[in-house]
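Enquirer: Take this structure, written in structure tokens, and hold onto it; I'll ask about it next.
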Amino acid sequence: MRFNLCVFASGNGSNLNAIIKASKTGKISSRVALVISNNSNSGALKKAAKYKIPHIHLSQKLFSSQSEFTKNILDVLNRHKINLILLAGYMKILDPLIIKKYRNRIINIHPALLPKFGGKGMFGIHVHEAVLKTRETITGATVHFVNEVYDSGAIILQKLVKVKPDDDALSLQKRVLLAEHKLYPEAIKLFEEGKC
Ligand code: GRF
């Protein structure tokens, strides 16, 4: 099945870029129909603009209440006929109303092998620092469904990445990110094929 994707991203948008490329080259049949970012300066919004993909800066700060903010997001998703949401470095928690409305149709990528190194405080470079601190020899990335409990939804796919003896958090982050760029499109494909 072919889905209208909305990618939520706060940062560089390298996963967004990988998903756009996967769509353009036919690795997945869905298309990125919308990009939402809470960060007006994000690389993700710039990438969306470059590919002429509809994009919007939506931050809680622009609204008088959380419910107004959520209502606005739901309206935008509706207007763009979004039927699959992808979180790719989105640094905000989605309102439970959105999670309920899009139950089993919201996917996230996490830069570690969940359930290890997930949950509160486990984002960005902190994840890789924690992996090195506990002397793991294998780390990786996880694509999973989003539910109300952070980083705990059903796992769709994982990819392993070796930790090298001379790795620091940055080198590990870079290598895991490369794995993420392959993994996310593979997981979307599984979803398209109804295999998850
Ligand atoms: C990725 O490591 C992703 O796993 C995490 O946030 C990072 C986003 O990177 N959730 P990018 O913005 O896609 O480059």
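In the structure tokens, the first chain shown is A, the next is B, and so on; residue numbers restart at 1 for each chain, and ligands run from 1 in the order shown.
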Write out as a list of chain:residue names the residues lying within 12 Å of His126 in chain A, counting only C-alpha atoms and excluding same-chain residues fewer than 2 positions away.
Expert: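 With the cut-off at 12 Å, the set is A:Pro111, A:Ala112, A:Phe117, A:Gly118, A:Gly119, A:Lys120, A:Gly121, A:Met122, A:Phe123, A:Gly124, A:His128, A:Glu129, A:Ala130, A:Val131, A:Leu132, A:Lys133, A:Asp168, A:Ala169, A:Leu170, A:Leu172, A:Gln173.
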Enquirer: Hey, can you spit out that residue selection with all heavy atoms as a short mmCIF file (atom, residue, chain, number, x, y, z; two decimals), in the first residue's frame?
Expert:
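The resulting part.cif:
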data_model
loop_
_atom_site.label_atom_id
_atom_site.label_comp_id
_atom_site.auth_asym_id
_atom_site.auth_seq_id
_atom_site.Cartn_x
_atom_site.Cartn_y
_atom_site.Cartn_z
N PRO A 111 18.24 5.73 18.16
CA PRO A 111 19.61 5.35 17.81
C PRO A 111 20.26 4.37 18.79
O PRO A 111 21.41 4.58 19.21
CB PRO A 111 20.34 6.70 17.80
CG PRO A 111 19.62 7.50 18.82
CD PRO A 111 18.18 7.05 18.77
N ALA A 112 19.54 3.33 19.18
CA ALA A 112 20.10 2.28 20.04
C ALA A 112 19.22 1.05 19.89
O ALA A 112 18.17 1.10 19.24
CB ALA A 112 20.15 2.73 21.49
N PHE A 117 18.87 1.48 26.49
CA PHE A 117 19.19 2.87 26.17
C PHE A 117 18.03 3.66 25.58
O PHE A 117 18.19 4.41 24.61
CB PHE A 117 20.42 2.94 25.24
CG PHE A 117 21.59 2.19 25.80
CD1 PHE A 117 21.96 0.95 25.28
CD2 PHE A 117 22.30 2.68 26.88
CE1 PHE A 117 23.01 0.24 25.81
CE2 PHE A 117 23.36 1.96 27.43
CZ PHE A 117 23.71 0.74 26.89
N GLY A 118 16.86 3.43 26.16
CA GLY A 118 15.69 4.22 25.77
C GLY A 118 15.15 4.95 26.98
O GLY A 118 15.68 4.84 28.08
N GLY A 119 14.09 5.69 26.76
CA GLY A 119 13.41 6.39 27.86
C GLY A 119 13.95 7.79 28.09
O GLY A 119 14.65 8.35 27.24
N LYS A 120 13.62 8.31 29.25
CA LYS A 120 13.91 9.71 29.57
C LYS A 120 15.41 10.01 29.49
O LYS A 120 16.25 9.26 29.99
CB LYS A 120 13.41 10.01 30.99
CG LYS A 120 13.02 11.44 31.17
CD LYS A 120 12.19 11.64 32.44
CE LYS A 120 11.67 13.03 32.50
NZ LYS A 120 12.58 14.03 32.97
N GLY A 121 15.75 11.10 28.85
CA GLY A 121 17.14 11.54 28.78
C GLY A 121 17.95 10.82 27.71
O GLY A 121 19.08 11.20 27.41
N MET A 122 17.39 9.78 27.14
CA MET A 122 18.11 9.01 26.13
C MET A 122 17.80 9.55 24.73
O MET A 122 16.94 9.02 24.02
CB MET A 122 17.75 7.53 26.23
CG MET A 122 18.46 6.83 27.36
SD MET A 122 20.23 6.78 27.09
CE MET A 122 20.81 7.03 28.73
N PHE A 123 18.49 10.63 24.39
CA PHE A 123 18.34 11.19 23.06
C PHE A 123 19.70 11.72 22.62
O PHE A 123 20.59 11.98 23.45
CB PHE A 123 17.27 12.30 23.04
CG PHE A 123 17.60 13.46 23.94
CD1 PHE A 123 18.35 14.54 23.47
CD2 PHE A 123 17.18 13.46 25.26
CE1 PHE A 123 18.67 15.59 24.30
CE2 PHE A 123 17.51 14.51 26.11
CZ PHE A 123 18.26 15.58 25.63
N GLY A 124 19.85 11.87 21.31
CA GLY A 124 21.07 12.45 20.73
C GLY A 124 22.33 11.76 21.24
O GLY A 124 22.38 10.54 21.42
N HIS A 128 24.67 7.51 22.90
CA HIS A 128 25.96 6.89 22.53
C HIS A 128 26.96 6.98 23.69
O HIS A 128 27.76 6.06 23.89
CB HIS A 128 26.47 7.53 21.24
CG HIS A 128 25.43 7.52 20.16
ND1 HIS A 128 25.06 6.37 19.52
CD2 HIS A 128 24.61 8.50 19.68
CE1 HIS A 128 24.08 6.64 18.67
NE2 HIS A 128 23.80 7.93 18.76
N GLU A 129 26.88 8.03 24.45
CA GLU A 129 27.73 8.14 25.65
C GLU A 129 27.40 7.01 26.63
O GLU A 129 28.29 6.39 27.20
CB GLU A 129 27.50 9.50 26.33
CG GLU A 129 28.20 10.64 25.62
CD GLU A 129 27.70 12.02 26.04
OE1 GLU A 129 26.76 12.11 26.86
OE2 GLU A 129 28.26 13.01 25.54
N ALA A 130 26.10 6.75 26.78
CA ALA A 130 25.67 5.69 27.71
C ALA A 130 26.13 4.32 27.21
O ALA A 130 26.57 3.47 28.00
CB ALA A 130 24.16 5.73 27.87
N VAL A 131 26.05 4.12 25.91
CA VAL A 131 26.49 2.84 25.32
C VAL A 131 27.98 2.62 25.60
O VAL A 131 28.41 1.52 26.01
CB VAL A 131 26.21 2.84 23.79
CG1 VAL A 131 26.94 1.71 23.08
CG2 VAL A 131 24.70 2.75 23.54
N LEU A 132 28.78 3.68 25.42
CA LEU A 132 30.22 3.55 25.66
C LEU A 132 30.51 3.35 27.14
O LEU A 132 31.38 2.56 27.51
CB LEU A 132 30.95 4.81 25.15
CG LEU A 132 30.99 4.96 23.62
CD1 LEU A 132 31.64 6.28 23.23
CD2 LEU A 132 31.74 3.79 22.97
N LYS A 133 29.78 4.04 27.97
CA LYS A 133 30.00 3.96 29.42
C LYS A 133 29.78 2.54 29.96
O LYS A 133 30.48 2.10 30.86
CB LYS A 133 29.03 4.93 30.11
CG LYS A 133 29.53 5.41 31.44
CD LYS A 133 28.68 6.54 31.96
CE LYS A 133 29.01 6.76 33.44
NZ LYS A 133 28.00 7.55 34.10
N ASP A 168 34.49 7.11 19.93
CA ASP A 168 33.96 8.03 20.94
C ASP A 168 32.49 8.23 20.59
O ASP A 168 32.00 7.70 19.57
CB ASP A 168 34.76 9.36 20.99
CG ASP A 168 34.80 10.08 19.65
OD1 ASP A 168 33.91 9.81 18.81
OD2 ASP A 168 35.69 10.91 19.45
N ALA A 169 31.78 8.99 21.42
CA ALA A 169 30.33 9.09 21.21
C ALA A 169 30.01 9.65 19.82
O ALA A 169 29.05 9.20 19.17
CB ALA A 169 29.73 9.97 22.30
N LEU A 170 30.84 10.56 19.36
CA LEU A 170 30.55 11.18 18.04
C LEU A 170 30.75 10.20 16.89
O LEU A 170 29.91 10.15 15.97
CB LEU A 170 31.46 12.38 17.83
CG LEU A 170 30.89 13.74 18.20
CD1 LEU A 170 31.92 14.83 17.92
CD2 LEU A 170 29.59 14.02 17.41
N LEU A 172 30.59 7.02 17.03
CA LEU A 172 29.53 6.01 17.12
C LEU A 172 28.21 6.57 16.60
O LEU A 172 27.49 5.91 15.84
CB LEU A 172 29.39 5.60 18.60
CG LEU A 172 28.66 4.31 18.88
CD1 LEU A 172 29.24 3.15 18.07
CD2 LEU A 172 28.74 3.99 20.37
N GLN A 173 27.93 7.79 16.97
CA GLN A 173 26.68 8.43 16.51
C GLN A 173 26.63 8.48 14.98
O GLN A 173 25.61 8.16 14.37
CB GLN A 173 26.60 9.85 17.07
CG GLN A 173 25.31 10.57 16.71
CD GLN A 173 25.26 11.97 17.32
OE1 GLN A 173 26.26 12.70 17.31
NE2 GLN A 173 24.12 12.34 17.86
#
Enquirer: Looking only at the backbone, which of the residues in range 124-185 of chain A does DSSP tag as strand (DSSP E or B), as number ranges by chain?
Expert: A: 138-145, 155-162
Enquirer: Any chance you can output those residues with N, CA, C and O atoms as a PDB file, in the first residue's frame?
Expert:
ATOM      1  N   ILE A 138      28.167  -4.097  21.028  1.00  0.00           N
ATOM      2  CA  ILE A 138      27.223  -3.961  19.907  1.00  0.00           C
ATOM      3  C   ILE A 138      26.182  -2.910  20.283  1.00  0.00           C
ATOM      4  O   ILE A 138      25.639  -2.931  21.389  1.00  0.00           O
ATOM      5  N   THR A 139      25.907  -2.006  19.348  1.00  0.00           N
ATOM      6  CA  THR A 139      24.773  -1.107  19.524  1.00  0.00           C
ATOM      7  C   THR A 139      23.962  -1.162  18.224  1.00  0.00           C
ATOM      8  O   THR A 139      24.013  -2.162  17.532  1.00  0.00           O
ATOM      9  N   GLY A 140      23.227  -0.111  17.905  1.00  0.00           N
ATOM     10  CA  GLY A 140      22.465  -0.159  16.664  1.00  0.00           C
ATOM     11  C   GLY A 140      21.332   0.839  16.655  1.00  0.00           C
ATOM     12  O   GLY A 140      21.380   1.860  17.344  1.00  0.00           O
ATOM     13  N   ALA A 141      20.316   0.533  15.870  1.00  0.00           N
ATOM     14  CA  ALA A 141      19.173   1.436  15.745  1.00  0.00           C
ATOM     15  C   ALA A 141      17.902   0.599  15.770  1.00  0.00           C
ATOM     16  O   ALA A 141      17.911  -0.581  15.405  1.00  0.00           O
ATOM     17  N   THR A 142      16.830   1.234  16.194  1.00  0.00           N
ATOM     18  CA  THR A 142      15.533   0.550  16.308  1.00  0.00           C
ATOM     19  C   THR A 142      14.449   1.396  15.664  1.00  0.00           C
ATOM     20  O   THR A 142      14.378   2.604  15.909  1.00  0.00           O
ATOM     21  N   VAL A 143      13.599   0.764  14.865  1.00  0.00           N
ATOM     22  CA  VAL A 143      12.388   1.433  14.385  1.00  0.00           C
ATOM     23  C   VAL A 143      11.210   0.759  15.080  1.00  0.00           C
ATOM     24  O   VAL A 143      11.122  -0.473  15.103  1.00  0.00           O
ATOM     25  N   HIS A 144      10.354   1.566  15.668  1.00  0.00           N
ATOM     26  CA  HIS A 144       9.258   0.997  16.469  1.00  0.00           C
ATOM     27  C   HIS A 144       7.998   1.852  16.369  1.00  0.00           C
ATOM     28  O   HIS A 144       8.059   3.040  16.027  1.00  0.00           O
ATOM     29  N   PHE A 145       6.881   1.226  16.708  1.00  0.00           N
ATOM     30  CA  PHE A 145       5.626   1.978  16.784  1.00  0.00           C
ATOM     31  C   PHE A 145       5.640   2.860  18.022  1.00  0.00           C
ATOM     32  O   PHE A 145       6.306   2.537  19.013  1.00  0.00           O
ATOM     33  N   ILE A 155       8.465  -3.206  18.465  1.00  0.00           N
ATOM     34  CA  ILE A 155       9.633  -3.023  17.593  1.00  0.00           C
ATOM     35  C   ILE A 155       9.345  -3.591  16.204  1.00  0.00           C
ATOM     36  O   ILE A 155       8.824  -4.704  16.070  1.00  0.00           O
ATOM     37  N   ILE A 156       9.684  -2.803  15.187  1.00  0.00           N
ATOM     38  CA  ILE A 156       9.477  -3.242  13.798  1.00  0.00           C
ATOM     39  C   ILE A 156      10.766  -3.862  13.245  1.00  0.00           C
ATOM     40  O   ILE A 156      10.756  -4.949  12.696  1.00  0.00           O
ATOM     41  N   LEU A 157      11.857  -3.147  13.396  1.00  0.00           N
ATOM     42  CA  LEU A 157      13.143  -3.625  12.863  1.00  0.00           C
ATOM     43  C   LEU A 157      14.292  -3.055  13.696  1.00  0.00           C
ATOM     44  O   LEU A 157      14.179  -1.935  14.220  1.00  0.00           O
ATOM     45  N   GLN A 158      15.376  -3.819  13.756  1.00  0.00           N
ATOM     46  CA  GLN A 158      16.598  -3.290  14.386  1.00  0.00           C
ATOM     47  C   GLN A 158      17.786  -3.597  13.488  1.00  0.00           C
ATOM     48  O   GLN A 158      17.752  -4.565  12.732  1.00  0.00           O
ATOM     49  N   LYS A 159      18.792  -2.761  13.567  1.00  0.00           N
ATOM     50  CA  LYS A 159      20.023  -3.014  12.812  1.00  0.00           C
ATOM     51  C   LYS A 159      21.194  -2.901  13.789  1.00  0.00           C
ATOM     52  O   LYS A 159      21.260  -1.939  14.568  1.00  0.00           O
ATOM     53  N   LEU A 160      22.075  -3.880  13.736  1.00  0.00           N
ATOM     54  CA  LEU A 160      23.197  -3.883  14.680  1.00  0.00           C
ATOM     55  C   LEU A 160      24.372  -3.084  14.125  1.00  0.00           C
ATOM     56  O   LEU A 160      24.626  -3.090  12.918  1.00  0.00           O
ATOM     57  N   VAL A 161      25.076  -2.426  15.018  1.00  0.00           N
ATOM     58  CA  VAL A 161      26.284  -1.674  14.660  1.00  0.00           C
ATOM     59  C   VAL A 161      27.351  -2.036  15.692  1.00  0.00           C
ATOM     60  O   VAL A 161      27.083  -1.989  16.895  1.00  0.00           O
ATOM     61  N   LYS A 162      28.548  -2.423  15.214  1.00  0.00           N
ATOM     62  CA  LYS A 162      29.624  -2.780  16.147  1.00  0.00           C
ATOM     63  C   LYS A 162      30.190  -1.532  16.814  1.00  0.00           C
ATOM     64  O   LYS A 162      30.365  -0.500  16.156  1.00  0.00           O
TER      65      LYS A 162
END
Enquirer: Distance table requested - chain A against ligand 1, cut-off 7 Å, only C-alpha atoms and all ligand atoms: one row per qualifying residue with the closest atom pair and its distance in Å to one decimal, ordered by chain and rising residue number, as CSV.
Expert:
residue,atom,partner,partner_atom_place_in_ligand_line,distance
A:Ala9,CA,ligand 1,12 (O),6.3
A:Ser10,CA,ligand 1,12 (O),6.6
A:Gly11,CA,ligand 1,12 (O),4.3
A:Asn12,CA,ligand 1,12 (O),3.9
A:Gly13,CA,ligand 1,12 (O),3.6
A:Ser14,CA,ligand 1,14 (O),3.6
A:Asn15,CA,ligand 1,13 (O),3.6
A:Leu16,CA,ligand 1,13 (O),5.8
A:Ala44,CA,ligand 1,12 (O),6.8
A:Ala88,CA,ligand 1,13 (O),5.3
A:Gly89,CA,ligand 1,6 (O),3.3
A:Tyr90,CA,ligand 1,10 (N),6.5
A:Ile109,CA,ligand 1,4 (O),4.7
A:His110,CA,ligand 1,4 (O),3.9
A:Pro111,CA,ligand 1,4 (O),4.1
A:Phe123,CA,ligand 1,5 (C),6.6
A:Gly124,CA,ligand 1,6 (O),5.9
A:Ala141,CA,ligand 1,4 (O),6.9
A:Leu177,CA,ligand 1,2 (O),5.6
A:Glu180,CA,ligand 1,4 (O),6.7
Enquirer: Report the residues of range 7-180 of chain A whose backbone DSSP state falls under helix (DSSP H, G or I), written as a VMD selection string.
Expert: chain A and resid 14 to 24 43 to 50 60 to 62 66 to 79 96 to 101 125 to 133 169 to 180
Enquirer: Measure the distance from CA of Leu94 in chain A to CA of Ala154 in chain A in Å and round it to one decimal.
Expert: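 These two atoms are separated by 16.9 Å.
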Enquirer: Which polymer residues have any atom within 6 Å of an atom of Leu86 in chain A, counting only C-alpha atoms, with same-chain residues fewer than 3 positions away left out, as a VMD selection string?
Expert: chain A and resid 7 106 to 108
Enquirer: Kindly save the residues from that selection, with C-alpha atoms included, as a PDB file, in the first residue's frame.
Expert:
ATOM      1  CA  VAL A   7       7.656  13.348   8.864  1.00  0.00           C
ATOM      2  CA  ILE A 106       3.042   6.413  14.079  1.00  0.00           C
ATOM      3  CA  ILE A 107       6.594   5.135  13.787  1.00  0.00           C
ATOM      4  CA  ASN A 108       9.804   6.378  15.424  1.00  0.00           C
TER       5      ASN A 108
END
Enquirer: Compare A:Leu87, A:Met1, A:Leu62, A:Ile19 by their minimum atom-to-atom distance to Lys182 in chain A, counting only C-alpha atoms, and give me the closest one.
Expert: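 Residue with the minimum atom-to-atom distance to Lys182 in chain A: A:Ile19.
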Enquirer: I'd like the interatomic distance between CA of Asp75 in chain A and CA of Met91 in chain A, to a tenth of an Å.
Expert: 20.8 Å
Enquirer: Do you have the CA of Val163 in chain A-CA of Leu178 in chain A distance handy?
Expert: 13.8 Å
Enquirer: Counting only C-alpha atoms, figure out which residue out of A:Lys27, A:Lys100, A:Ile82, A:Ser152 gets nearest to Ala187 in chain A.
Expert: A:Lys27
